[in-house]
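Next comes run.cif, a file with mmCIF, C-alpha atoms (C1' of nucleotides).
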data_query
#
loop_
_atom_site.label_atom_id
_atom_site.label_comp_id
_atom_site.auth_asym_id
_atom_site.auth_seq_id
_atom_site.Cartn_x
_atom_site.Cartn_y
_atom_site.Cartn_z
CA MET A 1 6.81 -13.75 -20.35
CA THR A 2 8.09 -15.49 -17.24
CA GLU A 3 11.31 -17.01 -18.53
CA PRO A 4 14.49 -14.98 -18.16
CA SER A 5 14.66 -13.04 -21.38
CA PRO A 6 17.75 -13.99 -23.36
CA ALA A 7 17.87 -10.47 -24.78
CA ARG A 8 21.42 -10.03 -23.53
CA ARG A 9 24.26 -8.80 -25.68
CA GLY A 10 27.12 -10.51 -23.92
CA TYR A 11 28.31 -9.67 -20.46
CA HIS A 12 26.72 -6.24 -20.41
CA HIS A 13 22.99 -5.97 -20.66
CA GLY A 14 23.00 -2.64 -22.41
CA ASN A 15 19.55 -1.59 -21.32
CA LEU A 16 19.18 -2.97 -17.83
CA LYS A 17 17.59 0.06 -16.24
CA ASP A 18 14.64 0.03 -18.62
CA ALA A 19 14.41 -3.76 -18.56
CA LEU A 20 14.11 -3.66 -14.78
CA LEU A 21 11.44 -0.98 -14.92
CA ASP A 22 9.52 -3.00 -17.49
CA ALA A 23 9.73 -6.09 -15.32
CA ALA A 24 8.68 -4.05 -12.29
CA ARG A 25 5.65 -2.73 -14.09
CA ASP A 26 4.67 -6.25 -15.04
CA LEU A 27 5.12 -7.59 -11.52
CA VAL A 28 3.31 -4.70 -9.91
CA ALA A 29 0.45 -5.19 -12.37
CA THR A 30 -0.04 -8.83 -11.47
CA GLN A 31 0.98 -8.94 -7.80
CA GLY A 32 0.54 -5.38 -6.56
CA PRO A 33 3.33 -3.14 -5.26
CA ALA A 34 3.84 -5.37 -2.20
CA GLY A 35 4.39 -8.41 -4.41
CA PHE A 36 7.15 -6.76 -6.38
CA THR A 37 10.53 -8.26 -5.78
CA LEU A 38 13.92 -7.00 -6.82
CA ALA A 39 15.10 -10.58 -7.21
CA GLU A 40 12.28 -11.54 -9.55
CA ALA A 41 12.75 -8.40 -11.64
CA SER A 42 16.44 -9.26 -11.98
CA ARG A 43 15.57 -12.81 -12.98
CA ARG A 44 13.25 -11.56 -15.71
CA ALA A 45 15.87 -9.20 -17.00
CA GLY A 46 18.31 -12.10 -17.03
CA VAL A 47 20.82 -10.62 -14.62
CA SER A 48 22.06 -11.46 -11.16
CA ALA A 49 20.31 -10.17 -8.05
CA SER A 50 23.00 -7.60 -7.39
CA ALA A 51 22.99 -6.07 -10.86
CA PRO A 52 20.13 -3.61 -10.13
CA TYR A 53 22.30 -1.81 -7.60
CA ARG A 54 24.36 -0.34 -10.41
CA HIS A 55 21.19 1.54 -11.52
CA PHE A 56 19.08 2.03 -8.40
CA LYS A 57 20.04 2.79 -4.84
CA ASP A 58 17.67 0.15 -3.52
CA ARG A 59 14.27 -1.44 -3.96
CA ASP A 60 12.41 1.71 -3.01
CA ALA A 61 14.37 3.77 -5.51
CA LEU A 62 13.31 1.44 -8.31
CA LEU A 63 9.71 1.67 -7.16
CA ALA A 64 9.97 5.46 -7.06
CA ALA A 65 11.32 5.49 -10.61
CA LEU A 66 8.41 3.29 -11.63
CA ALA A 67 5.99 5.69 -9.97
CA GLU A 68 7.49 8.58 -11.91
CA ARG A 69 7.06 6.62 -15.11
CA GLY A 70 3.49 5.86 -14.09
CA PHE A 71 2.71 9.53 -13.59
CA ALA A 72 4.11 10.33 -17.03
CA LEU A 73 1.83 7.74 -18.62
CA PHE A 74 -1.04 8.99 -16.52
CA ALA A 75 -0.60 12.62 -17.59
CA GLN A 76 -0.41 11.48 -21.19
CA ASP A 77 -3.65 9.52 -20.81
CA LEU A 78 -5.50 12.43 -19.25
CA GLU A 79 -4.23 14.88 -21.84
CA GLN A 80 -5.30 12.61 -24.65
CA ALA A 81 -8.75 12.21 -23.09
CA PHE A 82 -9.19 15.96 -22.87
CA ASP A 83 -8.19 16.25 -26.52
CA GLY A 84 -7.87 19.99 -26.43
CA GLY A 85 -11.41 20.36 -25.12
CA LYS A 86 -13.29 19.09 -28.17
CA PRO A 87 -16.13 19.25 -28.99
CA ASP A 88 -16.77 21.35 -25.87
CA ALA A 89 -14.83 21.71 -22.64
CA ALA A 90 -17.52 20.18 -20.40
CA THR A 91 -17.72 16.99 -22.46
CA ALA A 92 -13.94 16.81 -22.63
CA PHE A 93 -13.71 17.26 -18.86
CA GLY A 94 -16.08 14.34 -18.45
CA ARG A 95 -13.78 12.23 -20.59
CA VAL A 96 -10.86 13.18 -18.35
CA GLY A 97 -12.76 11.87 -15.36
CA ASP A 98 -13.49 8.61 -17.14
CA ALA A 99 -9.86 8.33 -18.18
CA TYR A 100 -8.81 8.88 -14.58
CA LEU A 101 -10.89 5.97 -13.35
CA ALA A 102 -9.97 3.85 -16.35
CA PHE A 103 -6.26 4.25 -15.67
CA ALA A 104 -6.58 3.25 -12.04
CA ARG A 105 -8.70 0.28 -13.09
CA ARG A 106 -6.40 -0.88 -15.86
CA GLU A 107 -3.18 -0.41 -13.86
CA PRO A 108 -4.13 -0.79 -10.20
CA GLY A 109 -0.66 -1.84 -9.13
CA LEU A 110 1.01 1.03 -10.95
CA TYR A 111 -1.54 3.50 -9.63
CA GLY A 112 -0.96 2.14 -6.14
CA ALA A 113 2.80 2.49 -6.51
CA MET A 114 2.37 6.07 -7.72
CA PHE A 115 0.53 7.14 -4.61
CA ALA A 116 2.44 4.97 -2.17
CA ILE A 117 5.51 7.12 -2.67
CA CYS A 118 5.86 10.62 -1.22
CA ARG A 119 6.23 9.71 2.43
CA PRO A 120 6.11 12.45 5.10
CA ASP A 121 9.89 12.85 5.07
CA GLY A 122 10.19 11.86 1.53
CA ALA A 123 11.16 11.95 -2.02
CA LYS A 124 8.84 14.12 -4.12
CA VAL A 125 7.40 12.84 -7.38
CA PRO A 126 7.62 15.83 -9.72
CA GLU A 127 5.73 14.09 -12.52
CA ALA A 128 2.69 14.05 -10.27
CA GLY A 129 2.47 17.77 -10.77
CA ARG A 130 2.11 17.38 -14.50
CA SER A 131 -0.82 14.99 -14.12
CA PHE A 132 -2.47 17.38 -11.72
CA GLN A 133 -1.89 20.26 -14.11
CA VAL A 134 -3.95 18.50 -16.77
CA LEU A 135 -6.80 18.33 -14.29
CA VAL A 136 -6.40 22.01 -13.48
CA ASP A 137 -6.42 23.10 -17.11
CA ALA A 138 -9.37 20.89 -18.00
CA ALA A 139 -11.38 22.15 -15.03
CA ARG A 140 -10.67 25.79 -15.84
CA GLN A 141 -11.60 25.41 -19.49
CA ALA A 142 -14.75 23.50 -18.55
CA ALA A 143 -15.77 26.35 -16.28
CA GLY A 144 -15.67 28.77 -19.19
CA GLY A 145 -15.08 32.29 -17.91
CA ILE A 146 -15.98 31.46 -14.31
CA ALA A 147 -13.11 31.42 -11.85
CA VAL A 148 -12.35 28.03 -10.32
CA SER A 149 -10.71 28.02 -6.92
CA ASP A 150 -7.72 25.80 -6.23
CA ASP A 151 -9.68 24.09 -3.49
CA ARG A 152 -12.41 23.18 -5.95
CA ILE A 153 -9.89 21.52 -8.23
CA LEU A 154 -8.22 19.77 -5.34
CA ALA A 155 -11.67 18.54 -4.37
CA ILE A 156 -12.14 17.07 -7.84
CA TRP A 157 -8.77 15.37 -7.60
CA ALA A 158 -9.55 14.03 -4.14
CA LEU A 159 -12.90 12.76 -5.34
CA ALA A 160 -11.43 11.03 -8.37
CA HIS A 161 -8.61 9.55 -6.29
CA GLY A 162 -10.99 8.43 -3.58
CA ALA A 163 -13.45 6.88 -6.01
CA ALA A 164 -10.64 5.12 -7.86
CA THR A 165 -9.04 3.66 -4.75
CA LEU A 166 -12.31 2.70 -3.07
CA ALA A 167 -13.28 0.94 -6.27
CA ALA A 168 -9.91 -0.81 -6.40
CA ALA A 169 -10.44 -2.02 -2.83
CA GLY A 170 -13.87 -3.36 -3.71
CA HIS A 171 -15.85 -0.87 -1.64
CA LEU A 172 -17.40 0.70 -4.72
CA THR A 173 -18.47 -0.81 -8.01
CA ASP A 174 -17.13 0.76 -11.17
CA ALA A 175 -20.58 2.10 -11.91
CA GLN A 176 -20.74 3.80 -8.52
CA ALA A 177 -17.30 5.29 -8.97
CA HIS A 178 -18.30 6.75 -12.30
CA ALA A 179 -21.62 8.05 -10.96
CA VAL A 180 -19.86 9.69 -8.05
CA LEU A 181 -17.39 11.44 -10.31
CA ARG A 182 -19.96 12.53 -12.89
CA GLY A 183 -21.95 14.18 -10.12
CA ALA A 184 -19.01 16.40 -9.26
CA LEU A 185 -17.84 17.14 -12.79
CA ALA A 186 -21.09 18.87 -13.67
CA PRO A 187 -20.11 22.56 -13.87
CA GLN A 188 -22.99 23.84 -11.73
CA PRO A 189 -24.62 21.14 -9.62
CA PRO A 190 -28.42 21.42 -9.99
CA ARG A 191 -30.11 21.81 -6.65
CA ASP A 192 -32.24 18.68 -6.91
CA ALA A 193 -30.74 15.91 -4.73
CA MET S 194 8.57 -0.83 24.05
CA THR S 195 11.03 -2.71 21.85
CA GLU S 196 12.21 -5.36 24.26
CA PRO S 197 10.37 -8.70 24.19
CA SER S 198 7.68 -8.25 26.80
CA PRO S 199 8.18 -10.66 29.67
CA ALA S 200 4.42 -10.77 30.19
CA ARG S 201 4.43 -14.51 29.74
CA ARG S 202 2.76 -16.86 32.17
CA GLY S 203 4.96 -19.88 31.56
CA TYR S 204 4.99 -21.89 28.40
CA HIS S 205 1.63 -20.64 27.20
CA HIS S 206 1.25 -16.99 26.46
CA GLY S 207 -2.41 -16.86 27.33
CA ASN S 208 -3.26 -13.86 25.21
CA LEU S 209 -1.07 -14.19 22.18
CA LYS S 210 -3.66 -13.26 19.58
CA ASP S 211 -4.27 -9.85 21.11
CA ALA S 212 -0.60 -9.34 21.88
CA LEU S 213 0.22 -9.95 18.22
CA LEU S 214 -2.45 -7.53 17.08
CA ASP S 215 -1.17 -4.90 19.50
CA ALA S 216 2.36 -5.37 18.23
CA ALA S 217 1.11 -5.22 14.65
CA ARG S 218 -0.69 -1.97 15.29
CA ASP S 219 2.48 -0.52 16.76
CA LEU S 220 4.64 -1.67 13.88
CA VAL S 221 2.20 -0.51 11.25
CA ALA S 222 2.01 2.87 12.98
CA THR S 223 5.75 3.42 12.84
CA GLN S 224 6.78 1.58 9.67
CA GLY S 225 3.64 1.44 7.57
CA PRO S 226 1.84 -1.76 6.51
CA ALA S 227 4.75 -2.78 4.29
CA GLY S 228 7.16 -2.55 7.20
CA PHE S 229 5.14 -4.89 9.35
CA THR S 230 6.82 -8.19 9.95
CA LEU S 231 5.41 -11.32 11.48
CA ALA S 232 8.81 -12.11 12.95
CA GLU S 233 9.10 -8.74 14.69
CA ALA S 234 5.56 -8.97 16.04
CA SER S 235 6.40 -12.40 17.47
CA ARG S 236 9.55 -11.03 19.02
CA ARG S 237 7.62 -8.24 20.73
CA ALA S 238 5.08 -10.69 22.02
CA GLY S 239 7.94 -12.81 23.33
CA VAL S 240 7.16 -15.93 21.34
CA SER S 241 8.84 -17.87 18.59
CA ALA S 242 8.30 -17.00 14.93
CA SER S 243 6.03 -19.96 14.37
CA ALA S 244 3.70 -19.26 17.27
CA PRO S 245 1.44 -16.86 15.32
CA TYR S 246 0.36 -19.70 13.04
CA ARG S 247 -1.72 -21.15 15.87
CA HIS S 248 -3.87 -17.98 15.69
CA PHE S 249 -3.63 -16.70 12.12
CA LYS S 250 -3.46 -18.52 8.81
CA ASP S 251 -0.64 -16.32 7.61
CA ARG S 252 0.74 -12.80 7.57
CA ASP S 253 -2.13 -11.46 5.49
CA ALA S 254 -4.71 -12.93 7.85
CA LEU S 255 -3.15 -11.06 10.76
CA LEU S 256 -3.17 -7.86 8.74
CA ALA S 257 -6.81 -8.45 7.83
CA ALA S 258 -7.68 -8.92 11.49
CA LEU S 259 -5.86 -5.70 12.26
CA ALA S 260 -7.83 -3.93 9.54
CA GLU S 261 -11.07 -5.16 11.07
CA ARG S 262 -9.98 -3.84 14.42
CA GLY S 263 -9.06 -0.56 12.77
CA PHE S 264 -12.52 -0.22 11.25
CA ALA S 265 -14.10 -0.84 14.63
CA LEU S 266 -12.03 1.95 16.18
CA PHE S 267 -12.79 4.15 13.20
CA ALA S 268 -16.55 3.66 13.47
CA GLN S 269 -16.34 4.42 17.18
CA ASP S 270 -14.40 7.63 16.47
CA LEU S 271 -16.88 8.83 13.89
CA GLU S 272 -19.87 7.99 16.06
CA GLN S 273 -18.40 9.88 18.97
CA ALA S 274 -17.69 12.88 16.75
CA PHE S 275 -21.28 12.94 15.55
CA ASP S 276 -22.43 12.81 19.17
CA GLY S 277 -26.05 12.19 18.31
CA GLY S 278 -26.17 15.27 16.11
CA LYS S 279 -25.70 17.90 18.82
CA PRO S 280 -26.14 20.84 18.83
CA ASP S 281 -27.41 20.57 15.26
CA ALA S 282 -26.92 17.91 12.62
CA ALA S 283 -24.94 20.10 10.21
CA THR S 284 -22.37 21.04 12.85
CA ALA S 285 -22.15 17.43 13.96
CA PHE S 286 -21.65 16.31 10.39
CA GLY S 287 -18.79 18.74 10.10
CA ARG S 288 -17.21 17.17 13.16
CA VAL S 289 -17.51 13.74 11.54
CA GLY S 290 -15.54 15.00 8.57
CA ASP S 291 -12.84 16.38 10.84
CA ALA S 292 -12.76 13.12 12.77
CA TYR S 293 -12.37 11.22 9.50
CA LEU S 294 -9.29 13.20 8.51
CA ALA S 295 -7.95 13.18 12.06
CA PHE S 296 -8.10 9.39 12.24
CA ALA S 297 -6.25 8.93 8.97
CA ARG S 298 -3.67 11.48 10.13
CA ARG S 299 -3.19 9.97 13.57
CA GLU S 300 -3.06 6.35 12.36
CA PRO S 301 -1.83 6.45 8.77
CA GLY S 302 -0.48 2.92 8.87
CA LEU S 303 -3.66 1.50 10.33
CA TYR S 304 -5.78 3.47 7.89
CA GLY S 305 -3.61 2.19 5.07
CA ALA S 306 -3.95 -1.39 6.25
CA MET S 307 -7.73 -0.98 6.45
CA PHE S 308 -8.05 -0.01 2.82
CA ALA S 309 -5.30 -2.23 1.49
CA ILE S 310 -7.42 -5.28 2.22
CA CYS S 311 -10.45 -6.22 0.13
CA ARG S 312 -8.69 -7.31 -3.04
CA PRO S 313 -10.69 -8.07 -6.21
CA ASP S 314 -10.98 -11.73 -5.33
CA GLY S 315 -10.89 -11.15 -1.71
CA ALA S 316 -11.86 -11.30 1.85
CA LYS S 317 -14.49 -8.71 2.75
CA VAL S 318 -14.09 -6.50 5.77
CA PRO S 319 -17.55 -6.40 7.33
CA GLU S 320 -16.61 -3.76 9.90
CA ALA S 321 -16.07 -1.34 7.04
CA GLY S 322 -19.83 -1.30 6.60
CA ARG S 323 -20.37 -0.05 10.12
CA SER S 324 -18.01 2.89 9.60
CA PHE S 325 -19.78 3.73 6.38
CA GLN S 326 -23.14 3.51 8.10
CA VAL S 327 -22.13 6.27 10.51
CA LEU S 328 -21.42 8.47 7.51
CA VAL S 329 -24.78 7.58 6.00
CA ASP S 330 -26.73 8.35 9.16
CA ALA S 331 -24.87 11.60 9.77
CA ALA S 332 -25.41 12.76 6.20
CA ARG S 333 -29.13 11.96 6.31
CA GLN S 334 -29.66 13.76 9.59
CA ALA S 335 -27.65 16.72 8.37
CA ALA S 336 -29.90 16.95 5.32
CA GLY S 337 -32.94 17.33 7.52
CA GLY S 338 -36.02 16.22 5.63
CA ILE S 339 -34.35 16.31 2.23
CA ALA S 340 -33.65 12.94 0.65
CA VAL S 341 -29.97 12.12 0.18
CA SER S 342 -29.07 9.73 -2.63
CA ASP S 343 -26.70 6.85 -2.02
CA ASP S 344 -24.40 8.27 -4.66
CA ARG S 345 -24.20 11.57 -2.82
CA ILE S 346 -23.10 9.76 0.33
CA LEU S 347 -20.65 7.62 -1.58
CA ALA S 348 -19.29 10.84 -3.05
CA ILE S 349 -18.72 12.22 0.44
CA TRP S 350 -16.93 9.04 1.44
CA ALA S 351 -14.80 9.09 -1.69
CA LEU S 352 -13.94 12.73 -1.09
CA ALA S 353 -12.98 12.14 2.53
CA HIS S 354 -10.97 9.05 1.60
CA GLY S 355 -9.27 10.82 -1.27
CA ALA S 356 -8.43 13.89 0.78
CA ALA S 357 -7.10 11.74 3.62
CA THR S 358 -4.89 9.57 1.41
CA LEU S 359 -3.63 12.43 -0.74
CA ALA S 360 -2.73 14.28 2.45
CA ALA S 361 -0.98 11.18 3.79
CA ALA S 362 1.05 10.94 0.59
CA GLY S 363 2.06 14.58 0.88
CA HIS S 364 0.11 15.82 -2.14
CA LEU S 365 -2.21 17.91 0.02
CA THR S 366 -1.57 19.83 3.20
CA ASP S 367 -3.83 19.14 6.14
CA ALA S 368 -5.39 22.56 5.70
CA GLN S 369 -6.21 21.79 2.07
CA ALA S 370 -7.70 18.43 2.98
CA HIS S 371 -9.96 20.07 5.53
CA ALA S 372 -10.96 22.87 3.16
CA VAL S 373 -11.80 20.34 0.46
CA LEU S 374 -13.99 18.34 2.79
CA ARG S 375 -15.73 21.34 4.34
CA GLY S 376 -16.71 22.50 0.86
CA ALA S 377 -18.57 19.26 0.25
CA LEU S 378 -20.11 18.90 3.68
CA ALA S 379 -22.12 22.08 3.28
CA PRO S 380 -25.72 20.86 2.88
CA GLN S 381 -26.53 23.01 -0.17
CA PRO S 382 -23.45 24.34 -1.95
CA PRO S 383 -24.01 28.05 -2.64
CA ARG S 384 -23.59 28.83 -6.31
CA ASP S 385 -20.71 31.27 -5.91
CA ALA S 386 -17.45 29.50 -6.86
"C1'" DA E 387 -4.53 -26.81 22.70
"C1'" DC E 388 -0.54 -24.00 22.44
"C1'" DC E 389 4.23 -23.21 21.76
"C1'" DT E 390 9.38 -24.32 20.41
"C1'" DG E 391 13.26 -25.47 17.32
"C1'" DA E 392 15.12 -26.80 13.30
"C1'" DA E 393 14.58 -26.58 8.56
"C1'" DC E 394 13.66 -24.71 3.77
"C1'" DA E 395 13.08 -21.46 0.17
"C1'" DC E 396 13.33 -16.79 -0.38
"C1'" DC E 397 14.60 -11.76 -0.34
"C1'" DG E 398 17.50 -7.24 0.11
"C1'" DT E 399 22.00 -5.64 0.31
"C1'" DT E 400 27.15 -5.57 0.26
"C1'" DC E 401 31.57 -6.36 -1.62
"C1'" DA E 402 35.42 -8.36 -3.74
"C1'" DA E 403 36.28 -10.10 -8.10
"C1'" DG E 404 35.66 -10.64 -13.04
"C1'" DT E 405 34.85 -8.49 -18.18
"C1'" DA H 406 31.48 1.24 -16.24
"C1'" DC H 407 28.77 -2.78 -15.67
"C1'" DC H 408 27.92 -7.31 -14.04
"C1'" DT H 409 28.76 -11.89 -11.26
"C1'" DG H 410 29.21 -14.85 -7.14
"C1'" DA H 411 29.56 -15.61 -2.59
"C1'" DA H 412 28.20 -13.99 1.67
"C1'" DC H 413 25.17 -12.15 5.55
"C1'" DA H 414 21.13 -11.00 8.01
"C1'" DC H 415 16.48 -11.50 7.54
"C1'" DC H 416 11.63 -13.14 6.63
"C1'" DG H 417 7.44 -16.40 5.86
"C1'" DT H 418 6.04 -20.94 6.38
"C1'" DT H 419 6.05 -25.91 7.69
"C1'" DC H 420 6.43 -29.68 10.72
"C1'" DA H 421 7.92 -32.78 14.13
"C1'" DA H 422 8.55 -32.46 18.83
"C1'" DG H 423 7.85 -30.66 23.46
"C1'" DT H 424 4.51 -28.86 27.59
#
Please render this file's structure as structure tokens.
Amino acid sequence: MTEPSPARRGYHHGNLKDALLDAARDLVATQGPAGFTLAEASRRAGVSASAPYRHFKDRDALLAALAERGFALFAQDLEQAFDGGKPDAATAFGRVGDAYLAFARREPGLYGAMFAICRPDGAKVPEAGRSFQVLVDAARQAAGGIAVSDDRILAIWALAHGAATLAAAGHLTDAQAHAVLRGALAPQPPRDA
Amino acid sequence: MTEPSPARRGYHHGNLKDALLDAARDLVATQGPAGFTLAEASRRAGVSASAPYRHFKDRDALLAALAERGFALFAQDLEQAFDGGKPDAATAFGRVGDAYLAFARREPGLYGAMFAICRPDGAKVPEAGRSFQVLVDAARQAAGGIAVSDDRILAIWALAHGAATLAAAGHLTDAQAHAVLRGALAPQPPRDA
DNA sequence: ACCTGAACACCGTTCAAGT
DNA sequence: ACCTGAACACCGTTCAAGT
């Protein structure tokens, strides 16, 4: 997987944009977003270091495109975990929480890239909205008829994100991250500790 | 603040380690952890690019030292906000939450550097424990006599961390981050949505 | 013990030139 | 339209040499 892929059809690559994104995902997975290098991605795609500039404005643009791709995969994962709310919405919501943590654990570099974008000034990541929407829908269904405030759903997102990133940084074990999230996903927290 | 400081006492700098950390904090504040450069920090300290290696193993070691410093400042901030629990522990706990978000907002680069360390394999950041301990103590006092589980406190940390980082990435407004945290800091969440 | 200067491998980015 | 090759400024790191 490290040698420059000879999957070139002559002078033109034919599919360079995707090849670069694939390489980027690989690099980010093994080295983290900081370890990703435009030069190495080019090498893996079998093109020169300047070739990417035909497809991306610069390094950050490629990373942003990767983040968008990551969010699409993420939304897909969460949707699949919810599985239409079967067998009941509360159980399904629990699965969404597990899937959230599992994604961040399986693809820490990609997850990091996804949330490293969106600087104060910056480029929005519209796909992020879709992932969040899955959370919203799952939470509302899990609540049955009871109204769920936006702030409550944002709190769930913040909790999941916080648990995932603290776990990634080694401040929480996976078990703790899951326990933390389960505590919040219970529809009505029982009043014992 | 950009010109190489002439605060050199001859050939030896005398205080290079701190000067580098100061420069790093500045750079990280304006450009983010990724924008930090050993070369630029050296330039600001008025030394050659190889001088830092007398004080830090490499770039990452300097960043780790900066993170440790960040955690020390952070713990201090939180402790001061708690202020011994005056006038009552619940109010003081609320202030700790605000201070948490305020720190991450005021020093996003530093906060980022603090939690970017601690890789799977990696170097622990012992100062992180002290910051967490402030949260633990504040939460326990705020609960009065009632026992507070470790998971509940970890959940508060995860929520604060998640809200802070989502806000930094532009996914939450500051007002939303505060609302989210206030909801969780209430000692016994009332059962209305 | 602390710092400089030259050196090396490397990266991001640009641009004229090739297909 | 897409890619190469040479070029430039830059960075991290090492090491012999200076103070």
>> For segment 370-379 of chain S, find every residue with an atom within 7 Å (counting all atoms listed in the file), except residues of its own chain fewer than 4 positions away, and show them as a list in words.
In response: Asp151, Leu154 and Ala155 of chain A; Gly287, Gly290, Leu352, Ala353, Ala356, Ala357, Ala360, Leu365 and Thr366 of chain S
Could you please take those selected residues and save C-alpha atoms as a JSON list (two decimals), in the frame of the given file?
[["chain", "number", "residue", "atom", "x", "y", "z"],
["A", 151, "ASP", "CA", -9.68, 24.09, -3.49],
["A", 154, "LEU", "CA", -8.22, 19.77, -5.34],
["A", 155, "ALA", "CA", -11.67, 18.54, -4.37],
["S", 287, "GLY", "CA", -18.79, 18.74, 10.10],
["S", 290, "GLY", "CA", -15.54, 15.00, 8.57],
["S", 352, "LEU", "CA", -13.94, 12.73, -1.09],
["S", 353, "ALA", "CA", -12.98, 12.14, 2.53],
["S", 356, "ALA", "CA", -8.43, 13.89, 0.78],
["S", 357, "ALA", "CA", -7.10, 11.74, 3.62],
["S", 360, "ALA", "CA", -2.73, 14.28, 2.45],
["S", 365, "LEU", "CA", -2.21, 17.91, 0.02],
["S", 366, "THR", "CA", -1.57, 19.83, 3.20]]
> What do you get, as a ChimeraX atom specification, if you spell out every residue that the PyMOL selection byres ((chain A and resi 116) around 10) selects here?
Replying inline: /A:33,63-64,67,110-115,117-119 /S:305,358-359,361-362
> Quick one: residues within 9 Å of DT409 of chain H, all atoms listed in the file counted, chain neighbours fewer than 5 positions away excluded, as a ChimeraX atom specification?
Replying inline: /A:47-48,50-51 /E:403-404
> For the file shown, what are the residues hit by the PyMOL selection byres ((chain H) within 9 of (chain A)), laid out as number ranges by chain?
Replying inline: H: 407-410
Give as a compact mmCIF listing (two decimals) with C-alpha atoms, in the coordinates of the input the set of residues within 12 Å of the point (-18.2, 0.6, 7.9), where distances use the file's coordinates and only C-alpha atoms (C1' of nucleotides).
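See point_20.txt below for the written result:
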# COMPACT_ATOMS: atom_id res chain seq x y z
CA HIS A 171 -15.85 -0.87 -1.64
CA ALA S 260 -7.83 -3.93 9.54
CA GLU S 261 -11.07 -5.16 11.07
CA ARG S 262 -9.98 -3.84 14.42
CA GLY S 263 -9.06 -0.56 12.77
CA PHE S 264 -12.52 -0.22 11.25
CA ALA S 265 -14.10 -0.84 14.63
CA LEU S 266 -12.03 1.95 16.18
CA PHE S 267 -12.79 4.15 13.20
CA ALA S 268 -16.55 3.66 13.47
CA GLN S 269 -16.34 4.42 17.18
CA ASP S 270 -14.40 7.63 16.47
CA LEU S 271 -16.88 8.83 13.89
CA GLU S 272 -19.87 7.99 16.06
CA MET S 307 -7.73 -0.98 6.45
CA PHE S 308 -8.05 -0.01 2.82
CA LYS S 317 -14.49 -8.71 2.75
CA VAL S 318 -14.09 -6.50 5.77
CA PRO S 319 -17.55 -6.40 7.33
CA GLU S 320 -16.61 -3.76 9.90
CA ALA S 321 -16.07 -1.34 7.04
CA GLY S 322 -19.83 -1.30 6.60
CA ARG S 323 -20.37 -0.05 10.12
CA SER S 324 -18.01 2.89 9.60
CA PHE S 325 -19.78 3.73 6.38
CA GLN S 326 -23.14 3.51 8.10
CA VAL S 327 -22.13 6.27 10.51
CA LEU S 328 -21.42 8.47 7.51
CA VAL S 329 -24.78 7.58 6.00
CA ASP S 330 -26.73 8.35 9.16
CA TRP S 350 -16.93 9.04 1.44
> Interatomic distance between atom CA of Ala102 of chain A and atom CA of Gln369 of chain S?
Replying inline: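 Atom CA of Gln369 of chain S lies at a distance of 26.0 Å from atom CA of Ala102 of chain A.
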>> Once the PyMOL selection byres ((chain H and resi 411-420) around 10) has been evaluated on this model, what residues remain selected, and can you format them as a ChimeraX atom specification?
In response: /S:230-233,242-243,246,251-252 /E:392-402 /H:409-410,421-422
> So how many Å separate atom CA of Ala138 of chain A and atom CA of Phe93 of chain A, to one decimal?
Replying inline: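 For atom CA of Ala138 of chain A relative to atom CA of Phe93 of chain A, the distance reads 5.7 Å.
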> Interatomic distance between atom CA of Ile346 of chain S and atom CA of Ala92 of chain A?
Replying inline: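 Rounded to one decimal, the two atoms are 25.7 Å apart.
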> Can you tell me, as a ChimeraX atom specification, which residues sit within 9 Å of (-29.8, 14.5, 13.4) in the file's frame, using all atoms listed in the file?
Replying inline: /S:275,277-279,281-283,285-286,330-337
> Looking at A:Ala19, A:Ala147, A:Val28, A:Ala61, which one is nearest to chain S, with distances taken over only C-alpha atoms?
Replying inline: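 That would be A:Ala147, the residue with the smallest distance to chain S.
Proximity to chain S was assessed for A:Leu66, A:Ala24, A:Ala175, A:Val148 counting only C-alpha atoms; the smallest distance is recorded for A:Val148.
Closest approach to chain A among S:Ala227, S:Asp253, S:Ser235, S:Asp367 is made by S:Ala227 (distances from only C-alpha atoms).
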>> Here is a test: counting all atoms listed in the file, which residue of S:Arg345, S:Arg299, S:Lys250, S:Arg218 is nearest to chain A?
In response: S:Arg345
If I only want segment 298-303 of chain S, can you write it with N, CA and C atoms, as a CSV table (one decimal), in the first residue's frame?
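Result went into selection34.csv, see below:
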chain,number,residue,atom,x,y,z
S,298,ARG,N,-12.3,29.7,24.8
S,298,ARG,CA,-12.7,30.8,23.8
S,298,ARG,C,-11.5,31.8,23.7
S,299,ARG,N,-10.9,32.1,24.9
S,299,ARG,CA,-9.9,33.1,24.9
S,299,ARG,C,-8.6,32.6,24.3
S,300,GLU,N,-8.3,31.3,24.6
S,300,GLU,CA,-7.1,30.7,24.1
S,300,GLU,C,-7.3,29.4,23.3
S,301,PRO,N,-8.0,29.5,22.2
S,301,PRO,CA,-8.3,28.3,21.4
S,301,PRO,C,-7.1,27.5,21.0
S,302,GLY,N,-6.1,28.2,20.6
S,302,GLY,CA,-4.9,27.5,20.2
S,302,GLY,C,-4.2,26.7,21.3
S,303,LEU,N,-4.1,27.4,22.4
S,303,LEU,CA,-3.6,26.7,23.6
S,303,LEU,C,-4.4,25.5,24.0
